[in-house]
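Structure data (mmCIF, C-alpha atoms and all ligand atoms) from run.cif:
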data_query
loop_
_atom_site.group_PDB
_atom_site.id
_atom_site.type_symbol
_atom_site.label_atom_id
_atom_site.label_comp_id
_atom_site.auth_asym_id
_atom_site.auth_seq_id
_atom_site.Cartn_x
_atom_site.Cartn_y
_atom_site.Cartn_z
ATOM 1 C CA MET M 1 0.000 0.000 0.000
ATOM 2 C CA LYS M 2 3.042 2.292 0.422
ATOM 3 C CA ASP M 3 3.565 2.428 -3.354
ATOM 4 C CA GLY M 4 -0.140 3.076 -3.731
ATOM 5 C CA PHE M 5 0.299 6.168 -1.547
ATOM 6 C CA ARG M 6 3.345 7.490 -3.444
ATOM 7 C CA LYS M 7 1.639 7.119 -6.811
ATOM 8 C CA ALA M 8 -1.637 8.586 -5.522
ATOM 9 C CA ARG M 9 0.158 11.582 -4.030
ATOM 10 C CA HIS M 10 2.177 12.159 -7.198
ATOM 11 C CA ASP M 11 -0.850 11.863 -9.481
ATOM 12 C CA VAL M 12 -3.135 14.028 -7.396
ATOM 13 C CA ILE M 13 -0.516 16.793 -7.172
ATOM 14 C CA ALA M 14 -0.027 16.606 -10.941
ATOM 15 C CA ALA M 15 -3.783 16.904 -11.441
ATOM 16 C CA LEU M 16 -4.031 19.904 -9.087
ATOM 17 C CA GLU M 17 -1.045 21.598 -10.727
ATOM 18 C CA SER M 18 -2.380 21.165 -14.249
ATOM 19 C CA GLY M 19 -5.971 21.972 -13.344
ATOM 20 C CA ASN M 20 -7.051 18.651 -14.875
ATOM 21 C CA TYR M 21 -9.476 17.271 -12.360
ATOM 22 C CA LEU M 22 -13.183 16.682 -11.950
ATOM 23 C CA HIS M 23 -15.540 16.824 -9.026
ATOM 24 C CA VAL M 24 -17.911 13.991 -8.281
ATOM 25 C CA ALA M 25 -21.537 15.141 -8.320
ATOM 26 C CA ARG M 26 -24.436 13.224 -6.870
ATOM 27 C CA GLY M 27 -27.247 15.241 -8.390
ATOM 28 C CA ASP M 28 -26.236 18.359 -6.478
ATOM 29 C CA ILE M 29 -23.128 20.370 -5.686
ATOM 30 C CA GLU M 30 -21.345 18.968 -2.684
ATOM 31 C CA VAL M 31 -20.663 21.854 -0.314
ATOM 32 C CA LYS M 32 -17.878 19.884 1.296
ATOM 33 C CA ASN M 33 -16.102 20.177 -2.039
ATOM 34 C CA LEU M 34 -14.322 23.401 -1.159
ATOM 35 C CA LEU M 35 -12.306 23.306 -4.368
ATOM 36 C CA ALA M 36 -15.439 23.203 -6.529
ATOM 37 C CA MET M 37 -17.037 25.815 -4.277
ATOM 38 C CA GLY M 38 -14.059 28.098 -4.900
ATOM 39 C CA GLU M 39 -13.409 28.293 -1.166
ATOM 40 C CA VAL M 40 -9.937 26.815 -1.329
ATOM 41 C CA THR M 41 -7.296 27.098 -4.033
ATOM 42 C CA ALA M 42 -5.474 24.218 -5.693
ATOM 43 C CA GLU M 43 -2.218 25.677 -4.304
ATOM 44 C CA VAL M 44 -3.408 25.260 -0.733
ATOM 45 C CA LEU M 45 -4.425 21.660 -1.362
ATOM 46 C CA ILE M 46 -1.101 20.942 -3.100
ATOM 47 C CA ARG M 47 0.695 22.141 0.032
ATOM 48 C CA VAL M 48 -1.445 19.896 2.222
ATOM 49 C CA VAL M 49 -0.960 16.882 -0.058
ATOM 50 C CA ARG M 50 2.816 17.489 -0.257
ATOM 51 C CA SER M 51 3.035 17.426 3.528
ATOM 52 C CA CYS M 52 1.356 14.011 3.709
ATOM 53 C CA SER M 53 3.224 10.789 4.317
ATOM 54 C CA GLY M 54 1.949 7.209 4.274
ATOM 55 C CA VAL M 55 0.497 7.521 7.775
ATOM 56 C CA HIS M 56 -1.886 10.254 6.597
ATOM 57 C CA HIS M 57 -3.173 8.098 3.746
ATOM 58 C CA HIS M 58 -5.984 5.601 3.750
ATOM 59 C CA CYS M 59 -7.190 3.629 0.754
ATOM 60 C CA SER M 60 -10.284 1.478 0.343
ATOM 61 C CA PRO M 61 -12.278 0.030 -2.558
ATOM 62 C CA HIS M 62 -15.185 2.124 -3.821
ATOM 63 C CA HIS M 63 -18.453 0.827 -2.318
ATOM 64 C CA ALA M 64 -20.130 0.396 -5.733
ATOM 65 C CA VAL M 65 -17.200 -0.353 -8.008
ATOM 66 C CA PRO M 66 -14.590 -2.185 -5.943
ATOM 67 C CA ALA M 67 -12.037 -2.023 -8.766
ATOM 68 C CA ILE M 68 -11.654 1.683 -8.034
ATOM 69 C CA ASP M 69 -9.438 2.648 -5.087
ATOM 70 C CA VAL M 70 -10.753 5.575 -3.037
ATOM 71 C CA HIS M 71 -7.948 7.560 -1.446
ATOM 72 C CA VAL M 72 -8.314 9.623 1.684
ATOM 73 C CA LEU M 73 -5.667 12.012 2.992
ATOM 74 C CA LYS M 74 -6.080 13.418 6.497
ATOM 75 C CA ARG M 75 -3.568 16.025 7.445
ATOM 76 C CA LEU M 76 -3.429 19.432 9.180
ATOM 77 C CA GLY M 77 -7.166 19.329 9.814
ATOM 78 C CA TRP M 78 -7.872 18.618 6.138
ATOM 79 C CA TYR M 79 -9.872 15.738 4.732
ATOM 80 C CA ILE M 80 -9.233 15.088 1.036
ATOM 81 C CA LYS M 81 -11.012 12.223 -0.725
ATOM 82 C CA PHE M 82 -10.447 11.278 -4.343
ATOM 83 C CA TYR M 83 -10.083 8.480 -6.911
ATOM 84 C CA PHE M 84 -8.665 8.026 -10.363
ATOM 85 C CA ILE M 85 -10.453 6.880 -13.509
ATOM 86 C CA GLU M 86 -7.719 7.047 -16.102
ATOM 87 C CA PRO M 87 -6.937 9.562 -17.398
ATOM 88 C CA ASP M 88 -8.846 11.703 -14.897
ATOM 89 C CA THR M 89 -8.588 12.563 -11.229
ATOM 90 C CA TRP M 90 -11.915 12.831 -9.438
ATOM 91 C CA PHE M 91 -12.390 14.689 -6.168
ATOM 92 C CA ILE M 92 -15.191 13.443 -3.954
ATOM 93 C CA SER M 93 -14.665 15.991 -1.233
ATOM 94 C CA GLU M 94 -12.028 18.134 0.318
ATOM 95 C CA TYR M 95 -12.795 20.116 3.420
ATOM 96 C CA GLN M 96 -11.351 21.243 6.680
ATOM 97 C CA ILE M 97 -12.457 19.365 9.717
ATOM 98 C CA MET M 98 -13.162 21.922 12.400
ATOM 99 C CA LYS M 99 -12.116 20.680 15.763
ATOM 100 C CA ILE M 100 -14.871 21.525 18.220
ATOM 101 C CA PHE M 101 -13.672 22.586 21.640
ATOM 102 C CA PHE M 102 -15.628 22.140 24.839
ATOM 103 C CA GLU M 103 -15.516 23.995 28.125
ATOM 104 C CA GLY M 104 -12.787 22.411 30.182
ATOM 105 C CA ASP M 105 -10.675 21.312 27.181
ATOM 106 C CA THR M 106 -7.020 22.148 27.658
ATOM 107 C CA GLY M 107 -4.087 22.982 25.414
ATOM 108 C CA LYS M 108 -0.864 24.937 25.113
ATOM 109 C CA ALA M 109 -0.521 28.545 24.019
ATOM 110 C CA LEU M 110 1.948 31.368 23.827
ATOM 111 C CA CYS M 111 0.754 33.945 26.379
ATOM 112 C CA GLU M 112 1.659 37.566 25.599
ATOM 113 C CA GLN M 113 1.055 38.511 29.211
ATOM 114 C CA CYS M 114 3.303 35.803 30.696
ATOM 115 C CA GLN M 115 5.715 35.957 27.735
ATOM 116 C CA ALA M 116 5.889 32.185 27.882
ATOM 117 C CA LEU M 117 4.480 28.931 26.639
ATOM 118 C CA VAL M 118 1.594 28.220 29.006
ATOM 119 C CA GLN M 119 -1.197 25.754 29.710
ATOM 120 C CA MET M 120 -4.633 27.010 28.747
ATOM 121 C CA ARG M 121 -8.167 25.938 29.425
ATOM 122 C CA TYR M 122 -11.293 26.657 27.386
ATOM 123 C CA VAL M 123 -13.963 28.597 29.252
ATOM 124 C CA ARG M 124 -16.918 30.852 28.438
ATOM 125 C CA ARG M 125 -16.189 34.537 28.844
ATOM 126 C CA ASP M 126 -17.305 38.025 27.899
ATOM 127 C CA VAL M 127 -14.396 39.288 25.819
ATOM 128 C CA LEU M 128 -13.741 42.960 25.027
ATOM 129 C CA PHE M 129 -12.843 44.131 21.550
ATOM 130 C CA SER M 130 -9.353 45.654 21.438
ATOM 131 C CA ASP M 131 -10.660 49.113 20.460
ATOM 132 C CA SER M 132 -13.033 49.058 23.469
ATOM 133 C CA GLN M 133 -16.014 49.113 21.109
ATOM 134 C CA GLY M 134 -18.039 46.682 23.173
ATOM 135 C CA GLN M 135 -17.610 42.983 23.766
ATOM 136 C CA ALA M 136 -18.592 39.526 22.642
ATOM 137 C CA LYS M 137 -20.602 37.922 25.421
ATOM 138 C CA ASP M 138 -20.299 34.371 26.632
ATOM 139 C CA VAL M 139 -18.035 33.037 23.880
ATOM 140 C CA LEU M 140 -15.759 30.024 24.258
ATOM 141 C CA VAL M 141 -12.127 31.141 24.514
ATOM 142 C CA GLY M 142 -8.849 29.686 25.742
ATOM 143 C CA VAL M 143 -7.461 31.370 28.880
ATOM 144 C CA CYS M 144 -3.949 31.179 30.285
ATOM 145 C CA LEU M 145 -3.813 29.150 33.503
ATOM 146 C CA GLY M 146 -1.001 31.380 34.730
ATOM 147 C CA CYS M 147 -2.504 34.861 34.402
ATOM 148 C CA ASP M 148 -6.138 34.169 33.407
ATOM 149 C CA SER M 149 -5.952 36.333 30.262
ATOM 150 C CA VAL M 150 -7.595 35.258 26.994
ATOM 151 C CA VAL M 151 -5.002 33.659 24.723
ATOM 152 C CA ALA M 152 -7.010 31.725 22.115
ATOM 153 C CA ILE M 153 -10.197 32.039 20.074
ATOM 154 C CA PRO M 154 -11.391 28.815 18.468
ATOM 155 C CA PRO M 155 -13.053 29.039 15.033
ATOM 156 C CA GLN M 156 -16.409 27.926 16.440
ATOM 157 C CA SER M 157 -16.620 31.247 18.315
ATOM 158 C CA THR M 158 -16.244 33.337 15.142
ATOM 159 C CA PRO M 159 -19.935 33.629 14.159
ATOM 160 C CA ALA M 160 -20.903 34.833 17.648
ATOM 161 C CA ILE M 161 -18.038 37.325 17.658
ATOM 162 C CA ARG M 162 -18.940 38.670 14.224
ATOM 163 C CA GLU M 163 -22.574 39.131 15.276
ATOM 164 C CA ALA M 164 -21.567 40.855 18.516
ATOM 165 C CA ARG M 165 -19.328 43.230 16.592
ATOM 166 C CA LYS M 166 -22.137 44.182 14.230
ATOM 167 C CA GLN M 167 -24.696 44.675 17.000
ATOM 168 C CA GLN M 168 -22.389 46.485 19.343
ATOM 169 C CA LEU M 169 -21.856 49.997 18.107
ATOM 170 C CA LYS M 170 -25.200 51.751 18.419
ATOM 171 C CA SER M 171 -23.906 54.894 20.028
ATOM 172 C CA ILE M 172 -20.656 56.814 20.212
ATOM 173 C CA GLU M 173 -19.859 58.004 23.711
ATOM 174 C CA ALA M 174 -16.831 60.030 24.694
ATOM 175 C CA ARG M 175 -15.738 62.709 27.115
ATOM 176 C CA LEU M 176 -13.731 65.423 25.345
ATOM 177 C CA PRO M 177 -12.041 68.611 26.505
ATOM 178 C CA ALA M 178 -14.865 71.178 26.308
ATOM 179 C CA VAL M 179 -12.961 73.300 23.804
ATOM 180 C CA TYR M 180 -13.317 70.563 21.149
ATOM 181 C CA LEU M 181 -17.105 70.595 21.317
ATOM 182 C CA ASP M 182 -17.011 74.398 21.280
ATOM 183 C CA VAL M 183 -14.937 74.290 18.114
ATOM 184 C CA LEU M 184 -17.292 71.751 16.538
ATOM 185 C CA ASP M 185 -20.309 73.913 17.422
ATOM 186 C CA ALA M 186 -18.553 77.023 16.050
ATOM 187 C CA ALA M 187 -17.873 75.230 12.759
ATOM 188 C CA MET M 188 -21.512 74.148 12.575
ATOM 189 C CA HIS M 189 -22.639 77.675 13.234
ATOM 190 C CA ALA M 190 -20.328 78.968 10.495
ATOM 191 C CA VAL M 191 -21.943 76.556 8.048
ATOM 192 C CA SER M 192 -25.503 77.422 8.997
ATOM 193 C CA ASN M 193 -27.282 79.589 11.530
ATOM 194 C CA ASP M 194 -29.839 76.808 11.768
ATOM 195 C CA ALA M 195 -27.377 74.210 13.024
ATOM 196 C CA GLY M 196 -28.104 73.179 16.619
ATOM 197 C CA ALA M 197 -26.120 70.820 18.804
ATOM 198 C CA SER M 198 -28.329 67.949 17.631
ATOM 199 C CA LEU M 199 -26.549 68.168 14.270
ATOM 200 C CA ARG M 200 -23.120 67.260 15.677
ATOM 201 C CA LYS M 201 -23.835 63.713 14.621
ATOM 202 C CA LEU M 202 -24.450 64.841 11.061
ATOM 203 C CA PHE M 203 -21.165 66.760 10.815
ATOM 204 C CA LEU M 204 -19.109 64.013 12.408
ATOM 205 C CA GLY M 205 -20.891 61.355 10.333
ATOM 206 C CA TYR M 206 -20.151 63.293 7.139
ATOM 207 C CA TYR M 207 -16.471 63.437 8.095
ATOM 208 C CA PHE M 208 -16.279 59.783 9.202
ATOM 209 C CA HIS M 209 -17.590 58.831 5.790
ATOM 210 C CA ALA M 210 -15.342 61.192 3.832
ATOM 211 C CA LEU M 211 -12.218 60.190 5.788
ATOM 212 C CA ALA M 212 -12.940 56.459 5.787
ATOM 213 C CA HIS M 213 -13.572 56.340 2.053
ATOM 214 C CA ALA M 214 -10.796 58.557 0.712
ATOM 215 C CA GLN M 215 -7.830 57.238 2.675
ATOM 216 C CA GLY M 216 -8.143 60.485 4.582
ATOM 217 C CA ALA M 217 -7.302 58.805 7.867
ATOM 218 C CA ALA M 218 -3.554 59.165 7.274
ATOM 219 C CA GLY M 219 -3.668 62.953 7.601
ATOM 220 C CA LEU M 220 -5.573 62.943 10.904
ATOM 221 C CA PRO M 221 -2.658 62.877 13.378
ATOM 222 C CA ALA M 222 -1.019 65.827 11.592
ATOM 223 C CA ALA M 223 -4.283 67.806 11.541
ATOM 224 C CA HIS M 224 -4.675 67.191 15.261
ATOM 225 C CA ALA M 225 -1.065 68.143 16.046
ATOM 226 C CA THR M 226 -1.501 71.449 14.191
ATOM 227 C CA PHE M 227 -4.724 72.162 16.047
ATOM 228 C CA SER M 228 -3.225 71.343 19.476
ATOM 229 C CA ALA M 229 -0.204 73.522 18.792
ATOM 230 C CA ALA M 230 -2.409 76.467 17.762
ATOM 231 C CA LEU M 231 -4.516 75.985 20.890
ATOM 232 C CA GLU M 232 -1.442 75.910 23.140
ATOM 233 C CA GLN M 233 -0.129 79.043 21.484
ATOM 234 C CA GLN M 234 -3.371 80.954 22.033
ATOM 235 C CA LEU M 235 -3.501 79.927 25.685
ATOM 236 C CA HIS M 236 0.110 80.982 26.096
ATOM 237 C CA MET M 237 -0.434 84.365 24.409
ATOM 238 C CA ARG M 238 -3.356 85.079 26.716
ATOM 239 C CA ALA M 239 -1.469 83.720 29.722
ATOM 240 C CA LEU M 240 -4.205 81.165 30.410
ATOM 241 C CA ALA M 241 -3.840 77.734 31.973
ATOM 242 C CA THR M 242 -4.967 74.708 29.959
ATOM 243 C CA PRO M 243 -8.677 74.415 30.787
ATOM 244 C CA ALA M 244 -9.668 71.257 32.628
ATOM 245 C CA ALA M 245 -13.340 71.261 31.639
ATOM 246 C CA THR M 246 -14.627 68.293 29.708
ATOM 247 C CA ARG M 247 -17.962 67.687 28.019
ATOM 248 C CA ARG M 248 -19.755 64.534 27.129
ATOM 249 C CA LEU M 249 -20.406 63.666 23.488
ATOM 250 C CA SER M 250 -23.117 61.068 23.087
ATOM 251 C CA MET M 251 -24.697 60.197 19.770
ATOM 252 C CA LYS M 252 -26.855 57.346 18.590
ATOM 253 C CA VAL M 253 -25.555 56.183 15.208
ATOM 254 C CA ASN M 254 -26.906 53.971 12.463
ATOM 255 C CA ALA M 255 -25.027 50.993 11.027
ATOM 256 C CA HIS M 256 -23.446 52.993 8.181
ATOM 257 C CA VAL M 257 -21.980 55.661 10.443
ATOM 258 C CA ALA M 258 -20.842 52.949 12.857
ATOM 259 C CA GLN M 259 -19.069 51.138 10.046
ATOM 260 C CA ASP M 260 -17.191 54.265 8.922
ATOM 261 C CA TYR M 261 -16.267 55.067 12.509
ATOM 262 C CA LEU M 262 -14.952 51.543 13.151
ATOM 263 C CA ALA M 263 -13.005 51.640 9.877
ATOM 264 C CA LEU M 264 -11.338 54.880 10.998
ATOM 265 C CA LEU M 265 -10.499 53.472 14.435
ATOM 266 C CA GLN M 266 -8.959 50.486 12.671
ATOM 267 C CA ALA M 267 -7.023 52.571 10.126
ATOM 268 C CA THR M 268 -5.643 55.094 12.625
ATOM 269 C CA GLN M 269 -5.168 52.808 15.628
ATOM 270 C CA MET M 270 -6.272 55.801 17.710
ATOM 271 C CA SER M 271 -8.411 55.619 20.825
ATOM 272 C CA GLN M 272 -11.987 56.825 20.435
ATOM 273 C CA THR M 273 -11.239 60.077 22.225
ATOM 274 C CA GLU M 274 -8.139 60.761 20.124
ATOM 275 C CA LEU M 275 -9.999 59.993 16.911
ATOM 276 C CA LEU M 276 -12.899 62.313 17.752
ATOM 277 C CA LYS M 277 -10.504 65.100 18.713
ATOM 278 C CA ALA M 278 -8.556 64.659 15.454
ATOM 279 C CA VAL M 279 -11.737 64.680 13.337
ATOM 280 C CA ILE M 280 -12.913 67.866 15.049
ATOM 281 C CA ALA M 281 -9.471 69.394 14.389
ATOM 282 C CA ARG M 282 -9.923 68.490 10.753
ATOM 283 C CA ILE M 283 -13.395 70.060 10.639
ATOM 284 C CA GLN M 284 -11.944 73.202 12.204
ATOM 285 C CA ALA M 285 -9.188 73.344 9.564
ATOM 286 C CA ASP M 286 -11.583 72.841 6.636
ATOM 287 C CA VAL M 287 -14.539 74.926 7.771
ATOM 288 C CA LEU M 288 -13.139 77.674 9.995
ATOM 289 C CA GLU M 289 -9.621 78.065 8.615
ATOM 290 C CA ALA M 290 -9.639 77.154 4.919
ATOM 291 C CA ARG M 291 -13.385 77.782 4.471
ATOM 292 C CA ASP M 292 -13.397 74.950 1.921
ATOM 293 C CA PRO M 293 -16.387 75.752 -0.362
ATOM 294 C CA ALA M 294 -16.960 72.114 -1.395
ATOM 295 C CA VAL M 295 -17.153 70.885 2.215
ATOM 296 C CA ILE M 296 -19.264 73.837 3.358
ATOM 297 C CA GLY M 297 -21.629 73.357 0.396
ATOM 298 C CA ASP M 298 -22.076 69.657 1.246
ATOM 299 C CA LEU M 299 -22.669 70.397 4.910
ATOM 300 C CA GLN M 300 -25.167 73.182 4.141
ATOM 301 C CA ARG M 301 -27.193 70.811 1.959
ATOM 302 C CA LEU M 302 -27.163 68.193 4.729
ATOM 303 C CA VAL M 303 -28.282 70.752 7.318
ATOM 304 C CA HIS M 304 -31.169 71.835 5.078
ATOM 305 C CA LEU M 305 -32.332 68.252 4.758
ATOM 306 C CA ALA M 306 -31.874 67.447 8.436
ATOM 307 C CA ILE M 307 -33.606 70.363 10.155
HETATM 308 ZN ZN ZN T 1 -0.492 34.220 30.933
#
Kindly return the structure encoded in the file as structure tokens.
Amino acid sequence: MKDGFRKARHDVIAALESGNYLHVARGDIEVKNLLAMGEVTAEVLIRVVRSCSGVHHHCSPHHAVPAIDVHVLKRLGWYIKFYFIEPDTWFISEYQIMKIFFEGDTGKALCEQCQALVQMRYVRRDVLFSDSQGQAKDVLVGVCLGCDSVVAIPPQSTPAIREARKQQLKSIEARLPAVYLDVLDAAMHAVSNDAGASLRKLFLGYYFHALAHAQGAAGLPAAHATFSAALEQQLHMRALATPAATRRLSMKVNAHVAQDYLALLQATQMSQTELLKAVIARIQADVLEARDPAVIGDLQRLVHLAI
């Protein structure tokens, strides 16, 4: 059977490399046929097959036509099943077996906290997202037995995490130095006398969208640095101390605004507070300093529709 493995491995790699292979159909399209489904590339399967040795191979006669050998390769979580009818290679299925973890299962992990290889145990936890935009509740994760921090997320937890992420951001809440909200309100007032504080969401949403979709995020730190420096200079010239007052910004947002906001957090790697401050600095530069007619025109139209 060893020779059977070598020949099967050689022939199946040749078939994958040349693109000359067929998929078995039983009246429908087998969803476990990830190659036919376009969910895995031939290159990936070639790598898996190359890494197989005789111990990963199993061969048995086809249940209906015993003259045909059915080959199965199990390796790296993959299950690849095929046979040959000269001159063709036929794939029955090829899919990844997902290992399901249970509470109490154990394993090894590299813990960033402990900076060491540690023992972990799978437990159910509420896990925060790294940008503090909410959490995924009650998902199965691996935790370090040394420091109790989350070190692993099994694939079975992905759908719950994705759903939690989508549901999470319904409002943007932050506490900013009061001067930032004053500047935002001044810019709104410069655009339209009709603009009340309820329209902050509209202005910020407009900017989240513009910045997220035009690779505008890169310029944000510079815009904020310029703004901070100008602020410092004014305080200095008037011999004033940096004001300590803060004000709360709280806005309910729809899914589109949330998506732009999350994209910006991701692109800039800023905290929420830093991002909001930088966006307001940018609004100040465009509306109050440069008096950009395109931006002001857009914002005026939005205000007219919103009020
Ligand atoms: Zn640890």
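What separates atom CA of Asp298 of chain M from atom CA of Ile280 of chain M is a distance of 16.7 Å.
Listed by chain and then residue number, the contacts of ligand ZN 1 (chain T) are Ala109, Leu110, Cys111, Glu112, Gln113, Cys114, Gln115, Ala116, Leu117, Val118, Gln119, Met120, Val143, Cys144, Leu145, Gly146, Cys147, Asp148, Ser149, Val150 and Val151 of chain M (distance at most 10 Å, using all atoms listed in the file).
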From the list M:Arg175, M:His213, M:Arg301, M:Lys137, which residue is nearest Leu276 of chain M when using all atoms listed in the file? M:Arg175
What residues come out when you apply the PyMOL selection byres (((chain M and resi 30-42) around 10) and not hetatm) to this file, written as a ChimeraX atom specification? /M:13,15-19,22-29,43-48,79-81,91-96
Using all atoms listed in the file, which residue out of M:Ala244, M:Val253, M:Leu305, M:Leu262 lies closest to Arg165 of chain M? M:Leu262
Determine the residue set returned by the PyMOL selection byres (((chain M and resi 209) around 10) and not hetatm) for the present structure, and present it as a list in words. Leu204, Gly205, Tyr206, Tyr207, Phe208, Ala210, Leu211, Ala212, His213, Ala214, Gly216, His256, Val257, Ala258, Gln259, Asp260, Tyr261, Ala263 and Leu264 of chain M
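In this comparison, which uses all atoms listed in the file, the residue of M:Ala290, M:Ile283, M:Gln272, M:Ser192 approaching Ser130 of chain M most closely is M:Gln272.
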Report, in Å to a single decimal, how far apart atom CA of Lys170 of chain M and atom CA of Asp138 of chain M are. 19.8 Å
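We find atom CA of Ala190 of chain M and atom CA of Glu274 of chain M to be spaced 23.9 Å apart.
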Please identify all polymer residues lying at most 12 Å from the point (-6.6, 76.1, 17.0) (file coordinates), using all atoms listed in the file, and present the result as a PyMOL selection string. chain M and resi 179-180+182-184+223-235+277-278+280-286+288-289
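The residue that comes closest to Ser250 of chain M, out of M:Ser51, M:Val287, M:Leu176, M:Leu73 and on the basis of all atoms listed in the file, is M:Leu176.
Among the candidate residues M:Leu265, M:Tyr83, M:Val191, M:Thr273, the one lying nearest to Pro66 of chain M is M:Tyr83, with distances computed using all atoms listed in the file.
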Nearest to Pro177 of chain M by atom-to-atom distance, counting only C-alpha atoms, from M:Val49, M:Met270, M:Ala160, M:Ala245: M:Ala245
